[in-house]
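Coordinates as given in input_33.cif (mmCIF, C-alpha atoms):
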data_protein
#
loop_
_atom_site.label_atom_id
_atom_site.label_comp_id
_atom_site.auth_asym_id
_atom_site.auth_seq_id
_atom_site.Cartn_x
_atom_site.Cartn_y
_atom_site.Cartn_z
CA MET A 201 0.00 0.00 0.00
CA SER A 202 2.91 2.32 0.72
CA ALA A 203 4.33 1.71 -2.77
CA ALA A 204 0.91 2.31 -4.33
CA ALA A 205 0.51 5.57 -2.41
CA HIS A 206 3.97 6.71 -3.49
CA ALA A 207 3.17 5.90 -7.13
CA ALA A 208 -0.11 7.80 -6.88
CA ARG A 209 1.67 10.87 -5.47
CA ARG A 210 4.23 10.77 -8.29
CA ALA A 211 1.49 10.41 -10.90
CA TRP A 212 -0.26 13.46 -9.46
CA ALA A 213 2.87 15.56 -8.99
CA GLU A 214 4.77 15.24 -12.27
CA PRO A 215 4.83 13.61 -15.70
CA GLY A 216 6.38 10.17 -15.69
CA ARG A 217 5.80 6.46 -16.03
CA GLU A 218 3.26 6.40 -13.19
CA ARG A 219 1.10 9.09 -14.81
CA ASP A 220 1.32 7.35 -18.19
CA LEU A 221 0.12 4.09 -16.64
CA ALA A 222 -2.74 5.83 -14.82
CA VAL A 223 -3.88 7.57 -18.00
CA GLN A 224 -3.80 4.34 -20.01
CA ALA A 225 -5.82 2.55 -17.29
CA LEU A 226 -8.49 5.27 -17.32
CA LYS A 227 -8.60 5.20 -21.13
CA ALA A 228 -9.10 1.42 -21.14
CA ALA A 229 -11.99 1.80 -18.69
CA LEU A 230 -13.46 4.58 -20.83
CA ALA A 231 -13.23 2.44 -23.98
CA ALA A 232 -15.00 -0.47 -22.27
CA TRP A 233 -17.72 1.85 -20.91
CA VAL A 234 -18.36 3.45 -24.32
CA ALA A 235 -18.47 0.07 -26.07
CA TRP A 236 -20.94 -1.35 -23.55
CA ALA A 237 -23.08 1.82 -23.46
CA VAL A 238 -23.58 1.62 -27.23
CA ALA A 239 -23.73 -2.14 -27.79
CA GLY A 240 -25.35 -3.28 -24.57
CA TRP A 241 -27.43 -0.40 -23.26
CA TRP A 242 -28.45 1.44 -26.43
CA LEU A 243 -28.54 -1.24 -29.17
CA ARG A 244 -29.14 -4.21 -26.83
CA ALA A 245 -27.03 -6.44 -29.04
CA PRO A 246 -27.36 -10.20 -28.41
CA VAL A 247 -23.67 -10.68 -27.51
CA ALA A 248 -22.86 -7.14 -26.39
CA PHE A 249 -20.20 -8.28 -23.88
CA VAL A 250 -17.78 -8.92 -26.78
CA ALA A 251 -17.52 -5.20 -27.61
CA PRO A 252 -16.16 -3.96 -24.23
CA TRP A 253 -14.01 -7.07 -23.91
CA VAL A 254 -12.22 -6.30 -27.19
CA ALA A 255 -12.16 -2.55 -26.54
CA VAL A 256 -10.45 -2.76 -23.17
CA VAL A 257 -7.56 -4.93 -24.39
CA LEU A 258 -6.86 -2.74 -27.42
CA VAL A 259 -5.98 0.38 -25.45
CA GLU A 260 -2.33 -0.49 -25.94
CA SER A 261 0.88 1.30 -25.01
CA THR A 262 1.11 2.91 -28.48
CA VAL A 263 -1.42 3.81 -31.17
CA TYR A 264 0.47 1.76 -33.74
CA ARG A 265 0.33 -1.28 -31.47
CA SER A 266 -3.42 -0.81 -30.96
CA ILE A 267 -3.99 -0.87 -34.72
CA ALA A 268 -1.64 -3.77 -35.41
CA HIS A 269 -2.93 -5.88 -32.53
CA GLY A 270 -6.51 -4.95 -33.40
CA LEU A 271 -6.15 -6.34 -36.91
CA GLN A 272 -4.47 -9.49 -35.61
CA GLN A 273 -7.06 -9.99 -32.90
CA LEU A 274 -9.98 -9.55 -35.28
CA GLY A 275 -8.42 -12.06 -37.65
CA ALA A 276 -7.93 -14.58 -34.85
CA ILE A 277 -11.46 -14.12 -33.46
CA ALA A 278 -12.97 -14.42 -36.93
CA ALA A 279 -11.06 -17.61 -37.68
CA GLY A 280 -12.00 -19.24 -34.38
CA THR A 281 -15.63 -18.11 -34.61
CA VAL A 282 -16.12 -19.32 -38.19
CA ALA A 283 -14.46 -22.68 -37.51
CA ALA A 284 -16.45 -23.29 -34.31
CA THR A 285 -19.73 -22.26 -35.98
CA ALA A 286 -19.18 -24.57 -38.95
CA VAL A 287 -18.21 -27.58 -36.81
CA GLY A 288 -20.94 -26.88 -34.24
CA LEU A 289 -23.64 -26.75 -36.89
CA LEU A 290 -22.29 -29.94 -38.45
CA LEU A 291 -21.94 -32.08 -35.29
CA HIS A 292 -24.73 -30.68 -33.07
CA ASP A 293 -22.71 -31.73 -30.01
CA THR A 294 -20.70 -29.24 -27.95
CA VAL A 295 -18.24 -31.74 -26.46
CA ALA A 296 -17.46 -33.31 -29.84
CA ALA A 297 -17.19 -29.91 -31.51
CA MET A 298 -14.73 -28.69 -28.88
CA ALA A 299 -12.61 -31.83 -29.34
CA VAL A 300 -12.38 -31.07 -33.08
CA VAL A 301 -12.13 -27.27 -33.08
CA LEU A 302 -9.86 -26.44 -30.15
CA PRO A 303 -6.74 -28.30 -31.40
CA LEU A 304 -7.11 -26.57 -34.77
CA ALA A 305 -7.68 -23.18 -33.11
CA MET A 306 -4.60 -23.61 -30.89
CA LEU A 307 -2.48 -24.52 -33.90
CA LEU A 308 -3.85 -21.52 -35.78
CA GLY A 309 -2.91 -19.35 -32.80
CA GLN A 310 0.75 -20.19 -33.41
CA TRP A 311 0.66 -18.60 -36.87
CA ARG A 312 3.35 -15.95 -37.02
CA ARG A 313 1.12 -13.35 -38.67
CA LEU A 314 -1.26 -13.37 -35.69
CA GLY A 315 1.61 -12.62 -33.29
CA SER A 316 0.66 -12.42 -29.62
CA GLN A 317 -3.06 -12.26 -30.52
CA GLY A 318 -3.23 -15.85 -31.79
CA ILE A 319 -4.73 -17.10 -28.54
CA TYR A 320 -7.96 -15.26 -29.41
CA ALA A 321 -8.68 -17.88 -32.08
CA ALA A 322 -9.28 -20.47 -29.34
CA THR A 323 -11.08 -17.89 -27.19
CA GLY A 324 -13.44 -17.00 -30.04
CA ALA A 325 -14.18 -20.66 -30.64
CA LEU A 326 -14.94 -21.24 -26.95
CA PHE A 327 -17.37 -18.32 -26.86
CA VAL A 328 -19.29 -19.85 -29.76
CA LEU A 329 -19.42 -23.37 -28.36
CA THR A 330 -20.14 -22.56 -24.70
CA ASN A 331 -22.74 -19.80 -25.13
CA GLY A 332 -25.87 -21.82 -25.84
CA THR A 333 -27.14 -22.86 -29.23
CA VAL A 334 -24.73 -22.40 -32.13
CA SER A 335 -26.17 -20.31 -34.94
CA ALA A 336 -24.79 -18.39 -37.87
CA MET A 337 -26.77 -15.27 -36.87
CA THR A 338 -25.28 -15.18 -33.35
CA SER A 339 -21.77 -15.75 -34.70
CA ALA A 340 -22.20 -12.91 -37.20
CA ALA A 341 -23.39 -10.64 -34.37
CA ARG A 342 -20.37 -11.68 -32.32
CA LEU A 343 -18.00 -10.70 -35.14
CA GLY A 344 -19.80 -7.39 -35.54
CA GLU A 345 -19.46 -6.67 -31.81
CA ALA A 346 -15.75 -7.53 -31.94
CA LEU A 347 -15.28 -5.15 -34.86
CA PHE A 348 -17.13 -2.39 -33.03
CA GLY A 349 -15.15 -2.95 -29.81
CA ALA A 350 -11.88 -2.82 -31.73
CA ALA A 351 -12.90 0.44 -33.38
CA VAL A 352 -13.77 1.96 -29.98
CA GLY A 353 -10.53 0.83 -28.33
CA ILE A 354 -8.35 2.12 -31.18
CA ALA A 355 -10.29 5.40 -31.40
CA VAL A 356 -10.00 6.10 -27.66
CA ASN A 357 -6.28 5.36 -27.68
CA ALA A 358 -5.69 7.52 -30.76
CA LEU A 359 -7.88 10.49 -29.79
CA VAL A 360 -7.60 10.73 -25.99
CA ARG A 361 -4.06 11.73 -25.06
CA PRO A 362 -2.28 9.19 -27.29
CA PRO A 363 0.90 8.02 -25.55
CA LEU A 364 4.31 9.52 -26.37
CA TYR A 365 7.55 8.35 -24.76
CA LEU A 366 10.14 10.88 -25.91
CA ARG A 367 10.80 12.01 -22.34
CA ASP A 368 11.77 8.50 -21.24
CA THR A 369 14.07 8.00 -24.22
CA GLU A 370 16.38 10.90 -23.49
CA ALA A 371 16.36 10.12 -19.76
CA VAL A 372 17.46 6.51 -20.30
CA LEU A 373 20.19 7.53 -22.76
CA ARG A 374 21.47 10.19 -20.36
CA ASP A 375 21.43 7.75 -17.44
CA ALA A 376 23.44 5.15 -19.37
CA THR A 377 26.02 7.74 -20.45
CA GLU A 378 26.28 9.13 -16.93
CA GLU A 379 26.81 5.65 -15.49
CA ALA A 380 29.61 5.00 -18.00
CA HIS A 381 31.18 8.32 -16.99
CA ASP A 382 30.98 7.49 -13.27
CA ILE A 383 32.50 4.02 -13.67
CA LEU A 384 35.43 5.32 -15.73
CA ARG A 385 36.11 8.11 -13.24
CA ASP A 386 36.07 5.69 -10.30
CA VAL A 387 38.48 3.32 -12.06
CA ALA A 388 40.71 6.24 -13.04
CA ASP A 389 40.84 7.51 -9.45
CA GLY A 390 41.73 4.03 -8.22
CA LEU A 391 44.51 3.55 -10.79
CA ALA A 392 45.94 7.03 -10.17
CA ALA A 393 46.10 6.33 -6.42
CA GLY A 394 47.63 2.89 -6.93
CA HIS A 395 44.68 1.04 -5.36
CA TRP A 396 44.61 -2.62 -6.34
CA ASP A 397 41.84 -3.86 -4.11
CA ALA A 398 40.20 -7.00 -5.48
CA GLU A 399 36.84 -6.31 -3.82
CA GLU A 400 36.69 -2.77 -5.17
CA ALA A 401 37.75 -3.95 -8.63
CA GLY A 402 35.01 -6.60 -8.50
CA ALA A 403 32.42 -3.91 -7.71
CA TRP A 404 33.62 -1.85 -10.69
CA HIS A 405 33.31 -4.86 -12.96
CA GLU A 406 29.79 -5.64 -11.72
CA ARG A 407 28.78 -2.06 -12.50
CA ALA A 408 30.34 -2.37 -15.96
CA LEU A 409 28.32 -5.51 -16.66
CA ARG A 410 25.14 -3.75 -15.53
CA LEU A 411 26.02 -0.96 -17.95
CA HIS A 412 25.49 -3.46 -20.80
CA ARG A 413 21.94 -3.99 -19.56
CA LEU A 414 21.39 -0.23 -19.37
CA VAL A 415 22.46 0.12 -22.99
CA GLY A 416 20.07 -2.66 -23.98
CA GLN A 417 17.29 -0.87 -22.11
CA ALA A 418 18.18 2.36 -23.91
CA ARG A 419 17.98 0.62 -27.29
CA SER A 420 14.58 -0.84 -26.43
CA THR A 421 13.33 2.56 -25.26
CA VAL A 422 14.40 4.25 -28.52
CA GLU A 423 12.50 1.64 -30.55
CA TRP A 424 9.47 2.03 -28.24
CA SER A 425 9.50 5.82 -28.64
CA ARG A 426 9.70 5.66 -32.41
CA GLU A 427 6.76 3.28 -32.45
CA SER A 428 4.75 5.68 -30.28
CA MET A 429 5.12 8.39 -32.95
CA ARG A 430 3.52 6.26 -35.67
CA GLY A 431 -0.11 7.22 -36.29
CA ASN A 432 -0.07 9.53 -33.25
CA LEU A 433 -2.31 12.60 -33.65
CA ARG A 434 -0.96 14.13 -30.45
CA ARG A 435 2.40 14.52 -32.18
CA ARG A 436 0.89 17.09 -34.52
CA ARG A 437 -0.87 18.95 -31.68
CA THR A 438 2.18 19.15 -29.44
CA GLY A 439 4.68 19.72 -32.25
CA ALA A 440 6.78 16.74 -31.11
CA ALA A 441 9.49 16.02 -33.63
CA PRO A 442 10.33 12.48 -34.72
CA LEU A 443 13.33 10.97 -33.02
CA PRO A 444 16.45 11.98 -34.96
CA GLU A 445 17.60 8.83 -36.68
CA ARG A 446 21.29 9.67 -36.76
CA GLY A 447 21.49 11.26 -33.31
CA TYR A 448 19.86 8.47 -31.33
CA ASP A 449 21.36 5.64 -33.35
CA ASP A 450 24.78 7.22 -33.05
CA ALA A 451 24.29 7.60 -29.27
CA LEU A 452 23.48 3.89 -29.00
CA VAL A 453 26.62 2.98 -30.96
CA VAL A 454 28.77 5.20 -28.72
CA LEU A 455 27.18 3.64 -25.62
CA ASP A 456 27.87 0.15 -27.00
CA TYR A 457 31.54 1.04 -27.45
CA ALA A 458 31.66 2.64 -24.00
CA ALA A 459 30.09 -0.44 -22.38
CA VAL A 460 32.52 -2.82 -24.09
CA HIS A 461 35.49 -0.58 -23.23
CA THR A 462 34.40 -0.20 -19.60
CA ALA A 463 33.83 -3.94 -19.15
CA GLY A 464 37.23 -4.69 -20.69
CA VAL A 465 39.06 -2.18 -18.51
CA THR A 466 37.38 -3.32 -15.29
CA ARG A 467 37.99 -6.97 -16.14
CA THR A 468 41.68 -6.27 -16.72
CA VAL A 469 41.91 -4.34 -13.45
CA LEU A 470 40.06 -7.13 -11.62
CA GLU A 471 42.47 -9.77 -12.95
CA ALA A 472 45.47 -7.63 -12.05
CA ALA A 473 44.12 -6.94 -8.54
CA ALA A 474 43.49 -10.59 -7.67
CA GLU A 475 45.89 -12.15 -5.20
CA ASP A 476 46.41 -15.18 -7.44
CA ARG A 477 46.51 -12.90 -10.47
CA SER A 478 47.38 -14.27 -13.88
CA ALA A 479 47.83 -10.79 -15.37
CA PRO A 480 50.67 -8.47 -14.30
CA ARG A 481 49.91 -5.11 -12.79
CA PRO A 482 50.81 -2.16 -14.99
CA HIS A 483 53.79 -0.06 -14.00
CA PRO A 484 52.70 2.82 -11.68
CA GLY A 485 53.66 5.42 -14.27
CA LEU A 486 51.66 3.65 -16.98
CA ALA A 487 48.74 3.19 -14.61
CA ARG A 488 48.66 6.94 -13.94
CA ARG A 489 48.87 7.66 -17.67
CA TYR A 490 46.00 5.28 -18.34
CA ALA A 491 44.04 6.86 -15.48
CA GLU A 492 44.47 10.23 -17.23
CA PHE A 493 43.16 8.70 -20.43
CA LEU A 494 40.13 7.30 -18.60
CA CYS A 495 39.40 10.71 -17.05
CA ARG A 496 39.51 12.36 -20.47
CA THR A 497 37.32 9.59 -21.87
CA ALA A 498 34.75 10.10 -19.10
CA ARG A 499 34.72 13.86 -19.76
CA ALA A 500 34.28 13.29 -23.51
CA LEU A 501 31.34 10.95 -22.87
CA ARG A 502 29.65 13.51 -20.61
CA LEU A 503 30.15 16.26 -23.18
CA TYR A 504 28.82 13.95 -25.88
CA SER A 505 25.68 13.36 -23.80
CA HIS A 506 25.21 17.12 -23.31
CA SER A 507 25.69 17.79 -27.02
CA ARG A 508 23.04 15.23 -27.98
CA PHE A 509 20.48 15.55 -25.19
CA GLY A 510 21.17 18.87 -23.48
CA ASP A 511 23.05 22.08 -24.08
CA ALA A 512 24.89 22.43 -27.36
CA CYS A 513 28.63 22.06 -26.67
CA GLU A 514 29.97 20.75 -29.96
CA ASP A 515 33.17 22.83 -29.80
CA GLU A 516 33.97 21.60 -26.30
CA LEU A 517 33.28 18.03 -27.39
CA ARG A 518 35.62 18.28 -30.38
CA GLU A 519 38.34 19.79 -28.18
CA ALA A 520 37.87 17.05 -25.58
CA VAL A 521 38.15 14.35 -28.25
CA ARG A 522 41.33 15.96 -29.62
CA ASP A 523 42.82 15.95 -26.12
CA LEU A 524 41.74 12.35 -25.75
CA ARG A 525 43.50 11.37 -28.96
CA GLY A 526 46.65 13.20 -27.84
CA THR A 527 46.65 11.42 -24.50
CA LEU A 528 46.12 8.10 -26.30
CA ALA A 529 49.12 8.75 -28.57
CA GLU A 530 51.32 9.47 -25.53
CA LEU A 531 49.99 6.36 -23.80
CA ARG A 532 50.82 4.27 -26.83
CA ARG A 533 54.40 5.55 -26.92
CA ASP A 534 54.81 4.87 -23.20
CA LEU A 535 53.47 1.34 -23.62
CA VAL A 536 55.84 0.62 -26.50
CA ARG A 537 58.84 1.84 -24.46
CA SER A 538 57.83 0.03 -21.28
CA THR A 539 56.57 -3.33 -22.53
CA THR A 540 58.83 -6.33 -22.01
CA ASP A 541 58.88 -9.65 -23.85
CA ASP A 542 56.52 -11.20 -21.29
CA PRO A 543 53.50 -12.51 -23.29
CA ASP A 544 51.10 -11.86 -20.38
CA GLU A 545 52.25 -8.27 -20.07
CA VAL A 546 51.98 -7.72 -23.83
CA ALA A 547 48.44 -9.18 -23.80
CA THR A 548 47.36 -6.95 -20.90
CA TYR A 549 48.70 -3.75 -22.41
CA GLY A 550 47.50 -4.67 -25.90
CA THR A 551 43.95 -5.25 -24.66
CA LEU A 552 43.83 -1.90 -22.88
CA LEU A 553 45.27 -0.09 -25.88
CA ALA A 554 42.95 -1.74 -28.43
CA GLN A 555 39.86 -0.89 -26.40
CA ALA A 556 41.03 2.68 -25.92
CA HIS A 557 41.56 3.11 -29.68
CA ARG A 558 38.10 1.78 -30.54
CA LEU A 559 36.29 4.09 -28.15
CA SER A 560 38.29 7.18 -29.07
CA ASP A 561 37.78 6.50 -32.80
CA ARG A 562 34.02 6.20 -32.24
CA LEU A 563 33.89 9.45 -30.27
CA LEU A 564 35.95 11.19 -32.92
CA ALA A 565 33.59 10.02 -35.67
CA SER A 566 30.56 11.15 -33.63
CA ALA A 567 32.00 14.56 -32.80
CA THR A 568 32.73 15.47 -36.43
#
Structure rendered as structure tokens:
Amino acid sequence: MSAAAHAARRAWAEPGRERDLAVQALKAALAAWVAWAVAGWWLRAPVAFVAPWVAVVLVESTVYRSIAHGLQQLGAIAAGTVAATAVGLLLHDTVAAMAVVLPLAMLLGQWRRLGSQGIYAATGALFVLTNGTVSAMTSAARLGEALFGAAVGIAVNALVRPPLYLRDTEAVLRDATEEAHDILRDVADGLAAGHWDAEEAGAWHERALRLHRLVGQARSTVEWSRESMRGNLRRRRTGAAPLPERGYDDALVVLDYAAVHTAGVTRTVLEAAAEDRSAPRPHPGLARRYAEFLCRTARALRLYSHSRFGDACEDELREAVRDLRGTLAELRRDLVRSTTDDPDEVATYGTLLAQAHRLSDRLLASAT
């Protein structure tokens, strides 16, 4: 109850996920009420319950999804209803008809074109066979009610505050970039101070692995937001612009590189910090140089985030990337001078250097 009260306060106080969920719930209830008021109260249709049932489930998270799922659901209901009506009229026995129809309806529900709505083929068949005498007139009325309910559900979702998720998209992208920045800064501070604590290194690596999940969430949110713009009338009223293809896709690529780089760095540090380590620890001078590179990388990521999702700072970003490339060149020269013939040491330094090059190249391409 405490969590529910907190969610209610947030929904009332500010825009966010809680308010979006509350609005969608109210819209679904409105769609069901309208469908029943027309079909059941006004027209007194014989199977009026089908209209609100279809309407309430088609108030989806996006207008596009309401339309797509509506078409799939109507197709599934029609197929199940027609099959059950034909077999019911032929056999005149409900138990025998169910034994014949339901396996076919369940198989039909697995058809790829029906997607997640395939189960409604079996549901439609059950409504026909378990609702008294089977007749073609009642089945036709049932299909008409389903069509009317779908129209009401789609119309309510499209006309009454259709959902947009642009706010969530930028927030998730900013959060993922900020987390990458924080991890790199923490690792840099530890390397600069000469801390080789295995427990601390393990915590850094766990955070780096969670960063991969954050990037995946960001990618899903971008796709969700783009879908919410399709067929959305509210976009025209509010002047919301479509998601910039290059900007958001480029941000996801940069975050992918940052996540891979961060996981690689923290894994290398974790292996070097272990008591029974298989990888050698970098020389203190090289560790400080690499810490400087990580600091500059973290700053470049933060500036990149601001340039894409906040204040315009393109010049600062380009300067930061140039500094990053300069630091990387110095680091490379130091590694070449300091590396011995030890294969483990060469592998450790080579991994760090390769990951650094990939991320800096990606930031350079994005900043220009």
Residues returned when the PyMOL selection byres ((chain A and resi 561) around 12) runs on this file, as a short mmCIF file (atom, residue, chain, number, x, y, z; two decimals) with C-alpha atoms, in the coordinates of the input:
data_model
loop_
_atom_site.label_atom_id
_atom_site.label_comp_id
_atom_site.auth_asym_id
_atom_site.auth_seq_id
_atom_site.Cartn_x
_atom_site.Cartn_y
_atom_site.Cartn_z
CA VAL A 453 26.62 2.98 -30.96
CA VAL A 454 28.77 5.20 -28.72
CA TYR A 457 31.54 1.04 -27.45
CA ALA A 458 31.66 2.64 -24.00
CA THR A 497 37.32 9.59 -21.87
CA VAL A 521 38.15 14.35 -28.25
CA ARG A 522 41.33 15.96 -29.62
CA LEU A 524 41.74 12.35 -25.75
CA ARG A 525 43.50 11.37 -28.96
CA LEU A 528 46.12 8.10 -26.30
CA ALA A 554 42.95 -1.74 -28.43
CA GLN A 555 39.86 -0.89 -26.40
CA ALA A 556 41.03 2.68 -25.92
CA HIS A 557 41.56 3.11 -29.68
CA ARG A 558 38.10 1.78 -30.54
CA LEU A 559 36.29 4.09 -28.15
CA SER A 560 38.29 7.18 -29.07
CA ARG A 562 34.02 6.20 -32.24
CA LEU A 563 33.89 9.45 -30.27
CA LEU A 564 35.95 11.19 -32.92
CA ALA A 565 33.59 10.02 -35.67
CA SER A 566 30.56 11.15 -33.63
CA ALA A 567 32.00 14.56 -32.80
CA THR A 568 32.73 15.47 -36.43
#
message: Show me, as a PyMOL selection string, the residues that have an atom within 10 Å of Asp389 of chain A when counting all atoms listed in the file, minus same-chain residues fewer than 3 positions from it.
response: chain A and resi 383-386+392-395+488+491-492+494-495
- request: Identify all residues satisfying the PyMOL selection byres ((chain A and resi 268-281) around 7) in the given file; provide them as a PyMOL selection string.
  value: chain A and resi 258+264-267+282-285+305+314+317-318+320-322+324-325+328+339+343+346-347+350
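The closest residue to Thr262 of chain A, picked from A:Pro363, A:Leu486, A:His405, A:Asp534 and counting all atoms listed in the file, is A:Pro363.
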message: With the PyMOL selection byres ((chain A and resi 235) around 12) as the selection, what would be picked from this file? Answer as a PyMOL selection string, please.
response: chain A and resi 228-234+236-245+248-256+345-356
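Using all atoms listed in the file, the contacts of Met298 of chain A at a cut-off of 9 Å, with sequence neighbours closer than 2 positions omitted, comprise Ala284, Val287, Gly288, Asp293, Thr294, Val295, Ala296, Val300, Val301, Leu302, Pro303, Ala325, Leu326 and Leu329 of chain A.
The residue set within 10 Å of Leu359 of chain A, counting only C-alpha atoms and dropping same-chain residues fewer than 2 places from it, reads Val263, Ile354, Ala355, Val356, Asn357, Arg361, Pro362, Asn432, Leu433 and Arg434 of chain A.
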